[in-house]
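Participant: Sending over a structure as structure tokens; questions will come in a sec.
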Amino acid sequence: MVDSTLAEVDRNLSEAMRILGDGRRELEAGTERQHFSRASIPGPLQRDGQDFATILRLVHNVMHEEEEEEDKPSQQGMQDVGHLGHMALLGHSLAAYMSVLDRERLRKLTTRILSDATLWLCRLFRYENGSAYFHEDDRDGLVKVCRLVIHTHFEEYGSEGYVALSSKQPVIYHSASGRSGLGQHVCSQLGLPLSSLCAVPCNTVFGSQHQMDVALLEKLIKEDMEAGKLPLLLIANAGTPGAGHTDKLSRLKDLCEQYSMWLHVEGVNLATLALGQVTSAILAGTRCDSMTLTPGQWLGLPAVTAVTLYRHENPALSLAAGLTSSQPASKLRALPLWLSLQCLGHNGIVQKIRHAAALSQQLLQKLKTVASIKTSVEDEFSSPVVLFKFSQEISAASSGGSMESYCAGEKEVLDAFNRWMAEQLVQRLPTSGVEVVELEDEGACVRFSPLLTAAGLGTQQEDVDDLVKTLSELALIMSSTMSIRQDFREETHRHAPSLLYVEDLSWPGLGALRYEPDTEGSSESRRKQEVKKINSELLKKLQDLDADIVFSSGPEFGTEEDCIFVGMVTEDVDVSALVETIAAFGRDIEENGRLLENMTEVVRKGILEAELQLQKANEEKLMEEGVMRQLPLVGSVLNWFSPVQSSVKGRTFSLAAGSLDSTEVTYSTKAQPGRPALQDAPSALSKRPPGQRLFRRSAAASDSFSETSSIGHAEETPQEGGVTTSITHPSPPLPEEDSQSDAAPEKTSEAPAEAEAGTDTEQRQLEGQEAELSGR
């Protein structure tokens with residue numbers, strides 16, 4: 001029969017998880033929802049107490065406040081902890097409840113929990129006659145072990161403190177490929193100087209480049225002993241944080257016994273000790289003096305403590321070091337893990353670890369068939385960590401491309417490509433658990449370590465298949481982009497000085513360029529403003545194109561400014577058409593900008609000239625009609641008996657030509673004389689076959705598209721006073737076959753052909769094309 005209080009704790013936890021986990025749960029009333037939204041702002045404590053459900057809803061509202069304000073659900077939501085996670089969370093609630101029990105009952109309960117958990121873990125991971133220390137911070141176990149070793153070697157340390165260390169400075173050795181900042185944390189917690197740390201380099205000639213160099217370690221130990229120092233402790237790795245390689249634990253243990261040092265081991269590969277078949281390199285870890293395990297990550301258990309197993313025969317020193325405690329409440333930290341291990345059972349624990357190891361082997365075998373991908377593992381048959389990266393050498397050999405020009409910055413370019421590949425994999429396949437790691441020799445690589453992620457993310461074999469499929473697509477795109485980068489650079493140089501190629505090795509894509517306008521005679525600040533304005537408009541225009549190429553302003557914290565960065569491309573991209581289009585758009589923006597800058601002055605001069613001509617026409621009219629016709633009464637009588645034809649005509653002002661002409665021809669022929677044609681669209685856009693993507697080379701020879709019209713689209717700019725101006729650009733002469741069309745003959749050598757007058761289409765084109773200034 002279950003205690004009613006324990007059952008109530010379980011019910012309350014289930015209700016809390018239900019309320020907090022439902023991110024799209026609608027509150028019963030809108031006013032209540034609004035009330036909680038206001039309550040999320042920090043304020044004074046309410047006078048009346050709140051019930052359990054109200055408090056939980058308040059917590060829910062704070063967690064999902066941003067989603068409710070934007071009126072959209074969360075993209076990720078809360079992690080589904082499942083049955084095992086529920087048991088682990090229940091352990092924290094029960095630990096809080098058990099802490100209020102009477103002292104004797106609490107002592108009996110905590111002794112049973114600690115004894116069971118220690119026995120299970122020692123048997124599960126083959127660590128005989130060991131003790132266990134449960135801790136929240138996975139580094140805390142090493143700190144306590146170091147304190148234990150100091151108490152062992154310096155008997156006066158408990159009473160004299162750091163003064164006892166003055167006789168011989170203790171030295172802690174750690175691998176150069178070990179966890180970053182671990183040694184510094186230990187020294188800061190123990191009050192040791194950083195000179196007590198000694199980083200041991202890895203192998204450079206024989207063995208793995210991520211394993212500690214044992215011969216060099218022995219040399220460093222002898223040098224420290226000759227200098228009057230005390231070799232205290234060695235931190236080894238069973239699975240380095242980056243590459244997942246294991247140090248030579250058997251040789252290291254022999255060396256530590258020879259010089260009376262303590263050997264501590266940590267790493268993800270220690271999880272494989274629970275399997276039936278274990279490699280000798282990992283099995284040697286059972287001989288170490290202490291090891292740190294993280295079963296919460298390996299088994300997918302939330303909020304579960306890490307465990308440090310150790311062997312020591314003096315309980316008093318263990319108590320002084322903090323590895324054991326006389327307070328029963330502190331032993332309740334093991335309760336969530338104790339419950340979870342019982343819920344899983346021995347077979348369930350082994351099955352989860354075996355499943356993660358099988359995923360690594362599945363990925364490793366499938367990656368062998370993917371071109372341009374290079375793998376790096378410690379043991380091809382049993383490595384639980386798989387490293388892979390995009391390889392330039394393999395790509396160049398498979399595609400036949402030439403990479404000579406990228407020898408200098410090859411590593412930086414490949415690192416940028418591999419980071420982009422990792423980001424794409426994480427974005428498309430979040431359940432795969434891959435991540436990017438930076439290694440000293442290999443550079444940026446993608447790591448797949450299912451022992452750390454599979455249990456929490458629920459990674460299955462289907463996810464590995466999807467990972468390989470997506471990786472094959474990305475590798476093909478990266479290979480194509482890498483082989484075309486040099487062509488892009490050369491094509492950009494051909495369009496100099498209007499286009500400037502920008503060398504940015506950290507950009508994962510085709511490359512970067514900048515449009516440089518003609519700013520001769522301008523100041524430096526004026527030139528920078530012009531460059532920024534034109535490239536900003538050019539980038540926006542390129543992004544509006546219906547193309548599958550990504551154009552951006554570059555990395556968020558990049559060093560290059562006012563540039564256009566071109567992303568990844570496929571092998572059928574037409575680089576010349578791409579660069580030509582960018583240059584054409586840039587020239588178009590530059591010319592339009594100059595016309596707009598000069599428009600104010602041009603319009604002002606045109607208006608003054610029009611006023612002078614109209615005033616002159618009025619004076620000529622006065623001389624032609626005579627003074628008598630200007631008198632109000634006499635003029636009306638004369639005009640009735642002898643009407644006259646007015647000779648005052650309107651004026652039309654062309655912004656492109658900057659000239660003022662009469663509107664007599666326009667009203668007599670209903671056509672615009674000397675109307676210049678507009679600029680054609682770039683050839684990559686106008687000559688694209690139907691259905692073909694932009695900047696793509698056609699698979700077969702297509703029909704000629706030379707019979708295109710030279711009349712483009714006008715850009716109209718409204719001006720003050722109801723005057724409409726048209727910005728036009730000259731166009732090249734029409735082809736010979738177009739000269740036989742129905743258009744009217746050209747009036748001048750520069751002006752293009754005009755369409756027949758009187759049609760409705762031409763009337764619509766007349767509107768807004770010119771500025772008409774007329775008056776009496």
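Residues are referred to by chain and number: the chain letter is A, B, ... according to the order shown in the structure tokens, the number counts from 1 in that chain, and ligands are numbered separately from 1 in the order shown.
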Based on the backbone DSSP call, show me all residues of region 103-257 of chain A assigned strand (DSSP E), as JSON, numbers by chain.
Facilitator: {"A": [131, 132, 133, 134, 135, 170, 171, 172, 173, 174, 175, 197, 198, 199, 200, 230, 231, 232, 233, 234, 235, 236, 237]}
Participant: Please identify all polymer residues within 6 Å of Gly567 (chain A), counting only C-alpha atoms, omitting same-chain residues fewer than 5 positions from it, and present them as a PyMOL selection string.
Facilitator: chain A and resi 509-510+550
Participant: Which residue is closest to Thr559 (chain A)? Choose from A:Val502, A:Glu524, A:Gly276, A:Lys222 and count only C-alpha atoms.
Facilitator: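 Distance minimum relative to Thr559 (chain A) lands on A:Val502.
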Participant: What's around Gly511 (chain A) at 12 Å? Count only C-alpha atoms, leave out sequence neighbours fewer than 6 positions away in its own chain, and write the answer as number ranges by chain.
Facilitator: A: 413, 416-417, 481-492, 500-505, 550-554, 563-569, 575, 579
